[in-house]
$ cat entry_28.cif   # mmCIF, C-alpha atoms
data_entry
#
loop_
_atom_site.label_atom_id
_atom_site.label_comp_id
_atom_site.auth_asym_id
_atom_site.auth_seq_id
_atom_site.Cartn_x
_atom_site.Cartn_y
_atom_site.Cartn_z
CA MET R 1 20.22 -35.81 26.92
CA PRO R 2 18.87 -34.49 30.21
CA ASP R 3 15.76 -32.36 29.96
CA PRO R 4 16.58 -28.79 30.90
CA ALA R 5 14.28 -27.51 33.64
CA PRO R 6 11.70 -25.27 31.98
CA PRO R 7 12.05 -21.62 32.93
CA GLY R 8 10.05 -20.49 35.92
CA SER R 9 9.33 -23.86 37.43
CA GLU R 10 10.98 -25.75 40.23
CA ALA R 11 12.74 -28.96 39.39
CA THR R 12 10.40 -30.97 41.60
CA ALA R 13 7.33 -29.40 40.04
CA SER R 14 8.44 -30.16 36.50
CA ASP R 15 9.33 -33.72 37.45
CA THR R 16 5.78 -34.22 38.63
CA ALA R 17 4.43 -32.28 35.68
CA SER R 18 6.10 -34.51 33.13
CA GLU R 19 3.94 -37.38 34.33
CA PHE R 20 0.84 -35.46 33.33
CA LEU R 21 1.85 -34.19 29.91
CA ASP R 22 3.23 -36.12 26.97
CA THR R 23 4.36 -34.40 23.81
CA THR R 24 5.48 -36.02 20.56
CA ILE R 25 6.37 -34.46 17.24
CA THR R 26 5.88 -36.56 14.11
CA ARG R 27 6.16 -35.90 10.39
CA PRO R 28 3.41 -38.02 8.87
CA ARG R 29 4.17 -36.72 5.36
CA THR R 30 6.60 -34.40 3.65
CA GLY R 31 5.89 -30.81 4.55
CA THR R 32 3.77 -31.60 7.61
CA ALA R 33 4.79 -31.65 11.26
CA VAL R 34 2.33 -32.69 13.97
CA LEU R 35 2.74 -32.01 17.68
CA GLU R 36 0.65 -34.50 19.58
CA VAL R 37 -0.15 -33.49 23.17
CA GLU R 38 -1.61 -35.74 25.83
CA GLY R 39 -2.51 -34.86 29.39
CA GLU R 40 -3.39 -31.67 31.27
CA VAL R 41 -2.03 -28.27 30.27
CA ASP R 42 -1.97 -26.04 33.34
CA THR R 43 0.54 -23.77 35.15
CA LEU R 44 2.57 -26.84 36.11
CA THR R 45 2.87 -28.31 32.62
CA ALA R 46 2.72 -25.10 30.54
CA PRO R 47 6.54 -24.72 30.41
CA ARG R 48 6.81 -28.20 28.93
CA PHE R 49 3.98 -27.51 26.51
CA SER R 50 5.70 -24.25 25.58
CA SER R 51 9.01 -25.91 24.72
CA ALA R 52 7.24 -28.56 22.63
CA VAL R 53 5.37 -25.84 20.72
CA ASP R 54 8.66 -23.94 20.25
CA GLU R 55 10.20 -27.06 18.80
CA LEU R 56 7.28 -27.46 16.40
CA MET R 57 7.48 -23.79 15.38
CA SER R 58 11.17 -24.03 14.64
CA SER R 59 10.65 -26.85 12.16
CA HIS R 60 10.51 -25.71 8.57
CA GLU R 61 7.52 -27.70 7.37
CA PRO R 62 4.92 -25.47 5.73
CA THR R 63 2.05 -27.26 7.50
CA LEU R 64 2.15 -27.23 11.31
CA VAL R 65 -0.47 -29.05 13.36
CA VAL R 66 -1.03 -29.10 17.12
CA ASP R 67 -3.13 -32.13 18.00
CA LEU R 68 -4.92 -31.52 21.30
CA SER R 69 -7.17 -34.60 21.06
CA GLY R 70 -5.51 -36.15 24.10
CA VAL R 71 -5.66 -33.00 26.24
CA THR R 72 -8.07 -33.29 29.16
CA PHE R 73 -7.59 -29.82 30.62
CA LEU R 74 -6.48 -26.52 29.09
CA ALA R 75 -5.79 -23.54 31.37
CA SER R 76 -5.10 -19.92 30.41
CA SER R 77 -1.37 -20.63 30.68
CA GLY R 78 -1.81 -23.15 27.86
CA LEU R 79 -3.96 -20.74 25.84
CA ALA R 80 -1.19 -18.14 26.21
CA VAL R 81 1.33 -20.56 24.69
CA LEU R 82 -1.00 -21.23 21.76
CA ILE R 83 -1.71 -17.53 21.17
CA GLN R 84 2.01 -16.77 21.10
CA ALA R 85 2.54 -19.60 18.60
CA ALA R 86 -0.29 -18.26 16.40
CA HIS R 87 1.39 -14.86 16.29
CA ARG R 88 4.73 -16.43 15.42
CA ALA R 89 3.07 -18.35 12.61
CA GLU R 90 1.45 -15.14 11.41
CA GLU R 91 4.88 -13.51 11.13
CA ARG R 92 5.75 -16.03 8.50
CA SER R 93 2.34 -15.76 6.88
CA ALA R 94 1.29 -19.21 8.06
CA ARG R 95 -1.64 -20.36 10.12
CA LEU R 96 -1.35 -23.07 12.71
CA ARG R 97 -3.80 -25.93 12.54
CA LEU R 98 -5.37 -27.07 15.79
CA VAL R 99 -7.08 -30.37 16.38
CA ALA R 100 -9.66 -29.88 19.14
CA ALA R 101 -12.13 -32.70 19.46
CA THR R 102 -13.20 -32.60 23.09
CA ARG R 103 -15.10 -30.05 25.15
CA ALA R 104 -12.15 -29.83 27.58
CA VAL R 105 -10.21 -28.11 24.81
CA ARG R 106 -12.89 -26.60 22.60
CA ARG R 107 -14.69 -24.70 25.37
CA PRO R 108 -11.62 -22.77 26.62
CA LEU R 109 -10.61 -21.96 23.04
CA GLU R 110 -14.09 -20.79 22.08
CA ILE R 111 -15.08 -18.82 25.17
CA THR R 112 -11.86 -16.80 24.97
CA GLY R 113 -12.06 -16.37 21.19
CA THR R 114 -8.66 -18.02 20.84
CA ASP R 115 -10.05 -20.42 18.22
CA GLN R 116 -10.25 -17.48 15.79
CA LEU R 117 -6.45 -17.48 15.53
CA PHE R 118 -6.26 -21.03 14.17
CA ASP R 119 -7.53 -23.32 11.50
CA MET R 120 -9.66 -25.59 13.65
CA HIS R 121 -10.10 -29.28 12.89
CA GLU R 122 -12.03 -32.14 14.45
CA ASN R 123 -9.36 -34.78 13.84
CA VAL R 124 -5.76 -35.18 12.73
CA HIS R 125 -6.76 -36.69 9.41
CA ASP R 126 -8.59 -33.51 8.39
CA ALA R 127 -5.88 -31.29 9.84
CA THR R 128 -3.12 -32.90 7.83
CA GLY R 129 -5.33 -32.65 4.74
CA GLY R 130 -4.65 -36.31 4.55
CA ASP R 131 -5.67 -39.12 2.35
CA ASP R 132 -3.88 -41.73 4.48
CA MET L 1 -5.89 -17.24 61.44
CA SER L 2 -9.42 -15.90 61.73
CA ASP L 3 -9.20 -14.69 58.14
CA LEU L 4 -8.81 -18.23 56.96
CA ASP L 5 -11.81 -19.53 58.89
CA GLY L 6 -14.72 -20.64 56.80
CA PRO L 7 -17.99 -18.86 56.41
CA SER L 8 -19.80 -18.31 59.69
CA PRO L 9 -22.72 -20.63 60.46
CA ALA L 10 -25.11 -17.79 59.68
CA GLU L 11 -23.75 -17.71 56.14
CA THR L 12 -24.07 -21.43 55.64
CA LEU L 13 -27.71 -21.47 56.70
CA ASP L 14 -29.06 -19.67 53.66
CA GLY L 15 -29.59 -22.82 51.66
CA ALA L 16 -26.02 -23.44 50.57
CA SER L 17 -24.22 -26.67 51.23
CA THR L 18 -20.57 -26.05 51.86
CA VAL L 19 -17.49 -27.96 50.80
CA GLU L 20 -14.11 -26.80 51.94
CA VAL L 21 -10.75 -27.98 50.60
CA ARG L 22 -7.47 -27.03 52.25
CA THR L 23 -4.15 -27.82 50.64
CA THR L 24 -0.58 -26.68 50.82
CA ALA L 25 -0.43 -23.63 48.57
CA SER L 26 1.29 -25.50 45.74
CA ALA L 27 0.53 -25.66 42.04
CA ALA L 28 0.90 -29.44 42.20
CA LEU L 29 -2.30 -29.69 44.28
CA ILE L 30 -4.52 -27.51 42.12
CA PRO L 31 -5.61 -30.48 39.94
CA THR L 32 -7.24 -31.93 43.07
CA ILE L 33 -9.12 -28.72 43.79
CA ARG L 34 -10.36 -28.31 40.22
CA ALA L 35 -11.52 -31.95 40.26
CA VAL L 36 -13.65 -31.14 43.32
CA ALA L 37 -15.05 -28.08 41.52
CA SER L 38 -15.95 -30.12 38.50
CA ASP L 39 -17.55 -32.88 40.58
CA LEU L 40 -19.68 -30.42 42.57
CA ALA L 41 -20.85 -28.68 39.40
CA ALA L 42 -21.78 -32.00 37.76
CA ARG L 43 -23.76 -33.05 40.83
CA ALA L 44 -25.48 -29.67 40.92
CA ASP L 45 -26.72 -30.28 37.36
CA PHE L 46 -24.58 -27.59 35.73
CA ASP L 47 -24.61 -27.79 31.95
CA LEU L 48 -21.45 -29.22 30.39
CA ASP L 49 -20.03 -25.87 29.32
CA ALA L 50 -20.64 -24.41 32.78
CA ILE L 51 -18.87 -27.38 34.40
CA SER L 52 -15.89 -26.82 32.13
CA ASP L 53 -15.93 -23.07 32.85
CA LEU L 54 -16.06 -23.54 36.63
CA ARG L 55 -13.24 -26.07 36.56
CA MET L 56 -11.09 -23.68 34.57
CA ALA L 57 -12.06 -20.64 36.66
CA VAL L 58 -11.18 -22.42 39.91
CA ASP L 59 -7.87 -23.51 38.40
CA GLU L 60 -7.14 -19.95 37.35
CA ALA L 61 -8.06 -18.45 40.72
CA CYS L 62 -5.99 -21.00 42.65
CA ALA L 63 -2.97 -20.66 40.34
CA THR L 64 -3.11 -16.88 40.75
CA LEU L 65 -3.22 -17.17 44.54
CA VAL L 66 -0.48 -19.81 44.78
CA ASP L 67 1.76 -17.30 42.98
CA VAL L 68 1.44 -14.76 45.80
CA ALA L 69 1.20 -17.23 48.71
CA ALA L 70 3.74 -17.40 51.53
CA PRO L 71 6.07 -20.42 51.35
CA SER L 72 4.56 -23.57 52.93
CA SER L 73 1.30 -21.78 53.62
CA THR L 74 -2.23 -23.03 53.10
CA LEU L 75 -4.64 -22.57 50.23
CA GLN L 76 -8.22 -22.74 51.36
CA CYS L 77 -10.96 -23.12 48.84
CA THR L 78 -14.60 -23.02 49.93
CA PHE L 79 -17.44 -23.99 47.63
CA LEU L 80 -20.93 -22.78 48.48
CA VAL L 81 -23.34 -24.81 46.41
CA ARG L 82 -26.53 -22.80 46.09
CA SER L 83 -29.58 -23.22 43.96
CA GLU L 84 -28.42 -22.91 40.33
CA ARG L 85 -25.04 -21.42 41.16
CA ILE L 86 -21.80 -22.15 42.95
CA GLU L 87 -19.87 -19.52 44.82
CA VAL L 88 -16.15 -20.14 45.35
CA ARG L 89 -13.93 -18.40 47.86
CA ALA L 90 -10.23 -19.12 47.64
CA VAL L 91 -7.79 -17.62 50.14
CA VAL L 92 -4.05 -17.84 50.81
CA GLN L 93 -1.72 -16.32 53.34
CA ALA L 94 0.19 -13.67 51.42
CA GLY L 95 3.94 -13.96 50.97
CA HIS L 96 4.39 -10.21 51.48
CA PRO L 97 2.26 -7.62 53.25
CA ASP L 98 1.88 -5.79 49.96
CA ALA L 99 1.26 -8.93 47.86
CA GLU L 100 -1.42 -8.24 45.30
CA VAL L 101 -3.32 -10.13 42.67
CA SER L 102 -2.68 -8.35 39.41
CA THR L 103 -5.84 -7.91 37.42
CA ASP L 104 -4.20 -6.66 34.22
CA THR L 105 -3.08 -10.12 33.10
CA PHE L 106 -4.36 -12.44 30.39
CA GLY L 107 -5.22 -14.98 33.09
CA TRP L 108 -7.43 -12.49 34.91
CA ARG L 109 -9.28 -11.59 31.72
CA VAL L 110 -9.89 -15.29 31.12
CA LEU L 111 -11.16 -15.65 34.68
CA GLN L 112 -13.58 -12.74 34.16
CA THR L 113 -14.82 -14.39 30.97
CA LEU L 114 -15.34 -17.76 32.66
CA ALA L 115 -17.08 -16.63 35.83
CA ASP L 116 -20.32 -14.68 36.11
CA ASP L 117 -18.79 -12.55 38.82
CA VAL L 118 -15.28 -12.32 40.23
CA ALA L 119 -13.62 -10.17 42.89
CA VAL L 120 -10.30 -9.90 44.72
CA SER L 121 -9.91 -9.23 48.42
CA HIS L 122 -6.78 -8.19 50.28
CA GLU L 123 -6.84 -8.41 54.07
CA PRO L 124 -4.02 -6.69 55.94
CA GLY L 125 -4.01 -9.30 58.70
CA THR L 126 -4.83 -8.70 62.33
CA GLY L 127 -3.18 -9.71 65.56
CA GLY L 128 -0.94 -12.71 64.99
CA ALA L 129 -2.47 -13.54 61.64
CA GLY L 130 -0.60 -12.47 58.53
CA PRO L 131 -2.10 -10.77 55.51
CA THR L 132 -4.29 -12.80 53.20
CA VAL L 133 -5.26 -12.52 49.57
CA GLY L 134 -8.47 -14.02 48.27
CA ILE L 135 -10.54 -14.43 45.13
CA ARG L 136 -14.29 -14.90 45.17
CA LEU L 137 -16.10 -16.08 42.10
CA ASP L 138 -19.63 -16.94 41.17
CA LYS L 139 -20.74 -19.36 38.48
CA ARG L 140 -24.30 -20.02 37.37
CA SER L 141 -25.38 -23.50 36.37
CA GLY L 142 -26.30 -22.56 32.80
CA ASP L 143 -25.93 -19.82 30.26
CA LEU L 144 -28.02 -16.78 30.87
CA PRO L 145 -27.85 -13.60 28.84
CA ARG L 146 -25.18 -11.39 30.38
#

$ encode --input "entry_28.cif" --output "structure tokens"
Amino acid sequence: MPDPAPPGSEATASDTASEFLDTTITRPRTGTAVLEVEGEVDTLTAPRFSSAVDELMSSHEPTLVVDLSGVTFLASSGLAVLIQAAHRAEERSARLRLVAATRAVRRPLEITGTDQLFDMHENVHDATGGDD
Amino acid sequence: MSDLDGPSPAETLDGASTVEVRTTASAALIPTIRAVASDLAARADFDLDAISDLRMAVDEACATLVDVAAPSSTLQCTFLVRSERIEVRAVVQAGHPDAEVSTDTFGWRVLQTLADDVAVSHEPGTGGAGPTVGIRLDKRSGDLPR
């Protein structure tokens, strides 16, 4: 199925952007969905990040995790996507779990206070409450 | 084009070394500019949080300007590396005479949080040169009480 061009970005820009951001959703156990993100989240890749987060949010697992371990840059456009997702989770009385291991992700989240909206974890294992 | 010219020699003589990056005003080239920002901050002995903040602030400023830039125009980003701080001046040719940087956005609030000082400038353009929009920001090398 062809990828629809994300809203607000030119086709050429999103083609380039896709090289710099990889997103994968997995279900490591019943009731848990994990969105794994790798690359740089900036104005160019934010639409792609946004659709991946939307996909995660529309899954019905009670535990939703966004794993940012592989993210090497996080701009305000990426923070905006996360904040929106946190509010959506709140509407259904859930809290998103974020995995932020590196400074590239932790610093932007902390300096803007965005980390307060999430359950923060150092690694996926902790975030999935896992014993695997 | 005089508005896009770099700082005058008098300005560069006050102890700052200057690095200037010019790109097409396109979001696809901002990663290159923020890499330069991050490299300069690391070489200037910024602490790790300050390096991260400058990289993100420069990204934010450039992304904001690219949004209001004229098609196929130039983004010019000048870094003045001073003792214990870096001053950044980013300028684009504006797409419209009344193009403005909106300062009531989430992105602008983030930029204000990241930088120690930030300001917008709008130049109407003179002679043959079109209007320009610029953002100037200042980042200190380490955390000081604000």

$ interface_residues --input "entry_28.cif" --of "chain R" --to "chain L" --cutoff "9 Å" --atoms "all atoms listed in the file" --output "list in words"
Ala13, Thr16, Ala17, Asp42, Thr43, Leu44, Phe73, Leu74, Ala75, Ser76, Ser77, Ala80, Arg103, Ala104, Arg107, Pro108, Ile111 and Thr112 of chain R

$ atom_distance --input "entry_28.cif" --atom1 "atom CA of Leu68 of chain R" --atom2 "atom CA of Phe46 of chain L"
24.7 Å

$ closest_residue --input "entry_28.cif" --among "L:Ser121, L:Gln93, L:Thr78, L:Ser17" --to "Val36 of chain L" --atoms "all atoms listed in the file"
L:Thr78

$ closest_residue --input "entry_28.cif" --among "L:Gly15, L:Asp117, L:Val81, L:Ile33" --to "Cys62 of chain L" --atoms "only C-alpha atoms"
L:Ile33

$ resolve_selection --input "entry_28.cif" --expression "the PyMOL selection byres ((chain R and resi 30-41) around 8)" --output "PyMOL selection string"
chain R and resi 20-29+42-46+49+52-53+56+59-75+77-78+128

$ resolve_selection --input "entry_28.cif" --expression "the PyMOL selection byres ((chain R and resi 85) around 12)" --output "compact mmCIF listing (two decimals) with C-alpha atoms, in the coordinates of the input"
# COMPACT_ATOMS: atom_id res chain seq x y z
CA PHE R 49 3.98 -27.51 26.51
CA SER R 50 5.70 -24.25 25.58
CA SER R 51 9.01 -25.91 24.72
CA ALA R 52 7.24 -28.56 22.63
CA VAL R 53 5.37 -25.84 20.72
CA ASP R 54 8.66 -23.94 20.25
CA GLU R 55 10.20 -27.06 18.80
CA LEU R 56 7.28 -27.46 16.40
CA MET R 57 7.48 -23.79 15.38
CA SER R 58 11.17 -24.03 14.64
CA LEU R 64 2.15 -27.23 11.31
CA VAL R 65 -0.47 -29.05 13.36
CA VAL R 66 -1.03 -29.10 17.12
CA GLY R 78 -1.81 -23.15 27.86
CA LEU R 79 -3.96 -20.74 25.84
CA ALA R 80 -1.19 -18.14 26.21
CA VAL R 81 1.33 -20.56 24.69
CA LEU R 82 -1.00 -21.23 21.76
CA ILE R 83 -1.71 -17.53 21.17
CA GLN R 84 2.01 -16.77 21.10
CA ALA R 86 -0.29 -18.26 16.40
CA HIS R 87 1.39 -14.86 16.29
CA ARG R 88 4.73 -16.43 15.42
CA ALA R 89 3.07 -18.35 12.61
CA GLU R 90 1.45 -15.14 11.41
CA GLU R 91 4.88 -13.51 11.13
CA ARG R 92 5.75 -16.03 8.50
CA ALA R 94 1.29 -19.21 8.06
CA ARG R 95 -1.64 -20.36 10.12
CA LEU R 96 -1.35 -23.07 12.71
CA ARG R 97 -3.80 -25.93 12.54
CA LEU R 98 -5.37 -27.07 15.79
CA THR R 114 -8.66 -18.02 20.84
CA LEU R 117 -6.45 -17.48 15.53
CA PHE R 118 -6.26 -21.03 14.17

$ atom_distance --input "entry_28.cif" --atom1 "atom CA of Gly113 of chain R" --atom2 "atom CA of Arg43 of chain L"
28.3 Å

$ resolve_selection --input "entry_28.cif" --expression "the PyMOL selection byres ((chain L and resi 21) around 9)" --output "PyMOL selection string"
chain L and resi 19-20+22-23+33+36+75-79
